[in-house]
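Note sheet for the following structure.
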Amino acid sequence: MDPVSSVDATRSGGVAAAVREAGVVWLGIFALGVGFGAWATSQGLPWWLVPLISASVLAGSVEFLLVGLIVAHASLVSIAVTTLLVNSRHLVYGLSFPLERVRGRRARLYSVFALCDEAYALLTRTEPAALSGRQVIATQLGIHVSWVTGALSGAALGAVLLRGVHGVGFVLPALFVVLALDAYASRPDRVTVALALASAGVAQLAVPGSMLPLALGLLGVGLAVRDGTSPRISRGAW
Amino acid sequence: MTSGWYVAAAIATASGVTFALRAGSFLARALWRDSGLVARLARALPLGVLTVLAVWVTARLRQGSVTGGVAEAVALVVTVLVHRWRHHLGLSLVAGTGVCVALSSVPALLHG
């Protein structure tokens, strides 16, 4: 195969793989974006501001909070602290995200910028070697575009789009549950699951409203302690 | 509405902090590149993080539900069963969300 056509093959292959693996998730994220846009304008935000927020922050939970904070004219310090607490879970994402598959400085910068929960979940479920840089970027770009166009549609058309339709938001819980099942199937590690369930349970009891940062902190500590106490010979197994 | 500069600064703050956290995680990986502990943590983290995220979203299912969480609970069971049957991400999501939307329309049908 000559070099040119092999490059073309990887190009279209990466995008096709992204559509195959993430297409339905993009549709779900578009629907969630519509809900976010409709809700944000109902809070008093001008419609054109909503896609600007979605495009530049790209972190759903923080964007919902940010709309409330802007409407209440909260200080920049409280916006910074809120974002820091809610998004602190991203501090562990880089440890396993396949950024090394992405070539080029600008592409890598974008990949880091667009590392949301959904991108992490979709792109850490396969072995990094099986991913192309194009598939990584296409997956993230698809999430980004779906979220922003969804938010714009919801903000411009208001709640008309989803009037009387409930339950579309279920796609996100379903996504994380299914991806957790897949992660277990490809790596049946019961100790990690038990540590994660225990961390989530404790955090849910301690801070019901915002359990994620504590749960992931406990999980990190638990995994490190497990690593320290497991016999060296078995370490390669997990 | 508040001033344009305030809104621009607010968005820039949330965006900047989010990017710093995401970039910081790669800095951590670069700093501890030779650590066996970090390498093993990185391999175990996706399963652990996804389990935590799954618990987080499941615990919040009743919020915003028009059926007191019944539609979501049934849809969750359907999602898991379809996924164990076919192991196809898209099919499982469409089946589960379809069931949730269908069941969520029941109260309106009964009362309207």
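Ligands are numbered from 1 in the order shown, residues from 1 within each chain, and chains are lettered A, B, ... in the order they appear in the structure tokens.
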Expected answer as a PyMOL selection string: chain A residues within 7 Å of chain B, only C-alpha atoms:
chain A and resi 24+53+56-57+70+76+79-80+83-84+87-88+90-96+112-113+115+121+124+165-168+170-171+173-180+183-184+192-193+196-197+200+216+223
DSSP helix (DSSP H, G or I) residues within segment 98-207 of chain A, listed as a ChimeraX atom specification:
/A:99-101,105-113,117-123,128-130,133-162,168-186,190-206
Next, the residues of the selection above should be written as an mmCIF file, in the first residue's frame with C-alpha atoms.
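The resulting file, again15.cif, is reproduced below:
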data_model
loop_
_atom_site.group_PDB
_atom_site.id
_atom_site.type_symbol
_atom_site.label_atom_id
_atom_site.label_comp_id
_atom_site.auth_asym_id
_atom_site.auth_seq_id
_atom_site.Cartn_x
_atom_site.Cartn_y
_atom_site.Cartn_z
ATOM 1 C CA LEU A 99 -3.369 11.565 25.075
ATOM 2 C CA GLU A 100 -0.189 9.924 23.718
ATOM 3 C CA ARG A 101 -2.233 8.685 20.728
ATOM 4 C CA ARG A 105 0.602 20.294 19.707
ATOM 5 C CA ARG A 106 -2.686 21.980 18.849
ATOM 6 C CA ALA A 107 -4.587 18.705 18.658
ATOM 7 C CA ARG A 108 -3.222 17.708 22.071
ATOM 8 C CA LEU A 109 -4.145 21.067 23.568
ATOM 9 C CA TYR A 110 -7.683 20.610 22.264
ATOM 10 C CA SER A 111 -7.819 17.036 23.568
ATOM 11 C CA VAL A 112 -6.877 18.249 27.073
ATOM 12 C CA PHE A 113 -9.412 21.091 26.863
ATOM 13 C CA ASP A 117 -16.555 12.809 31.706
ATOM 14 C CA GLU A 118 -18.056 11.366 28.531
ATOM 15 C CA ALA A 119 -14.770 11.634 26.588
ATOM 16 C CA TYR A 120 -12.892 9.936 29.438
ATOM 17 C CA ALA A 121 -15.496 7.170 29.672
ATOM 18 C CA LEU A 122 -15.647 6.503 25.915
ATOM 19 C CA LEU A 123 -11.897 6.637 25.301
ATOM 20 C CA PRO A 128 -4.841 2.815 23.876
ATOM 21 C CA ALA A 129 -2.965 0.933 21.120
ATOM 22 C CA ALA A 130 -6.276 0.224 19.344
ATOM 23 C CA GLY A 133 -5.331 10.053 17.311
ATOM 24 C CA ARG A 134 -8.045 10.942 14.823
ATOM 25 C CA GLN A 135 -10.568 8.758 16.590
ATOM 26 C CA VAL A 136 -9.741 10.451 19.912
ATOM 27 C CA ILE A 137 -10.116 13.974 18.472
ATOM 28 C CA ALA A 138 -13.215 13.071 16.411
ATOM 29 C CA THR A 139 -14.894 11.559 19.486
ATOM 30 C CA GLN A 140 -14.207 14.702 21.542
ATOM 31 C CA LEU A 141 -15.170 17.063 18.717
ATOM 32 C CA GLY A 142 -18.446 15.163 18.267
ATOM 33 C CA ILE A 143 -19.257 15.557 21.974
ATOM 34 C CA HIS A 144 -18.343 19.262 21.844
ATOM 35 C CA VAL A 145 -20.395 20.025 18.703
ATOM 36 C CA SER A 146 -23.406 18.012 19.942
ATOM 37 C CA TRP A 147 -23.426 19.783 23.299
ATOM 38 C CA VAL A 148 -23.059 23.290 21.825
ATOM 39 C CA THR A 149 -25.608 22.842 18.992
ATOM 40 C CA GLY A 150 -28.014 21.216 21.460
ATOM 41 C CA ALA A 151 -27.628 24.120 23.897
ATOM 42 C CA LEU A 152 -28.075 26.658 21.070
ATOM 43 C CA SER A 153 -31.231 24.897 19.813
ATOM 44 C CA GLY A 154 -32.674 24.710 23.306
ATOM 45 C CA ALA A 155 -31.849 28.348 24.037
ATOM 46 C CA ALA A 156 -33.180 29.659 20.710
ATOM 47 C CA LEU A 157 -36.310 27.542 20.485
ATOM 48 C CA GLY A 158 -36.972 27.399 24.197
ATOM 49 C CA ALA A 159 -38.767 24.504 25.799
ATOM 50 C CA VAL A 160 -40.919 24.015 22.653
ATOM 51 C CA LEU A 161 -38.579 21.310 21.378
ATOM 52 C CA LEU A 162 -39.003 19.019 24.346
ATOM 53 C CA VAL A 168 -34.625 11.828 27.484
ATOM 54 C CA GLY A 169 -32.079 12.735 30.152
ATOM 55 C CA PHE A 170 -31.912 9.060 31.092
ATOM 56 C CA VAL A 171 -29.345 8.564 28.329
ATOM 57 C CA LEU A 172 -26.541 9.914 30.525
ATOM 58 C CA PRO A 173 -27.115 7.658 33.571
ATOM 59 C CA ALA A 174 -27.520 4.754 31.121
ATOM 60 C CA LEU A 175 -24.210 5.650 29.475
ATOM 61 C CA PHE A 176 -22.207 5.533 32.687
ATOM 62 C CA VAL A 177 -23.865 2.321 33.909
ATOM 63 C CA VAL A 178 -23.234 0.554 30.582
ATOM 64 C CA LEU A 179 -19.640 1.786 30.389
ATOM 65 C CA ALA A 180 -19.044 0.560 33.945
ATOM 66 C CA LEU A 181 -20.360 -2.880 32.891
ATOM 67 C CA ASP A 182 -18.018 -2.835 29.875
ATOM 68 C CA ALA A 183 -15.058 -1.753 31.980
ATOM 69 C CA TYR A 184 -15.726 -4.680 34.323
ATOM 70 C CA ALA A 185 -16.113 -7.138 31.434
ATOM 71 C CA SER A 186 -12.749 -6.147 29.979
ATOM 72 C CA ARG A 190 -13.644 -7.155 41.972
ATOM 73 C CA VAL A 191 -11.440 -5.372 44.507
ATOM 74 C CA THR A 192 -11.513 -2.142 42.475
ATOM 75 C CA VAL A 193 -15.309 -2.378 42.108
ATOM 76 C CA ALA A 194 -15.694 -3.027 45.860
ATOM 77 C CA LEU A 195 -13.408 -0.059 46.682
ATOM 78 C CA ALA A 196 -15.350 2.164 44.263
ATOM 79 C CA LEU A 197 -18.745 1.122 45.671
ATOM 80 C CA ALA A 198 -17.547 1.663 49.236
ATOM 81 C CA SER A 199 -16.052 5.081 48.355
ATOM 82 C CA ALA A 200 -19.255 6.137 46.583
ATOM 83 C CA GLY A 201 -21.420 4.907 49.469
ATOM 84 C CA VAL A 202 -19.415 6.716 52.141
ATOM 85 C CA ALA A 203 -19.288 9.937 50.081
ATOM 86 C CA GLN A 204 -23.003 9.753 49.309
ATOM 87 C CA LEU A 205 -23.750 9.542 53.045
ATOM 88 C CA ALA A 206 -21.258 12.263 53.992
#
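Of the listed residues (A:Pro213, A:Pro98, A:Gly104, A:Ala114), A:Pro98 comes nearest to Thr126 of chain A; the distances count only C-alpha atoms.
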What separates atom CA of Ala18 of chain A and atom CA of Asp189 of chain A is a distance of 27.1 Å
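The shortest atom-to-atom distance to Phe97 of chain A, with only C-alpha atoms taken into account, belongs to A:Arg125 out of A:Arg20, A:His73, A:Arg226, A:Arg125.
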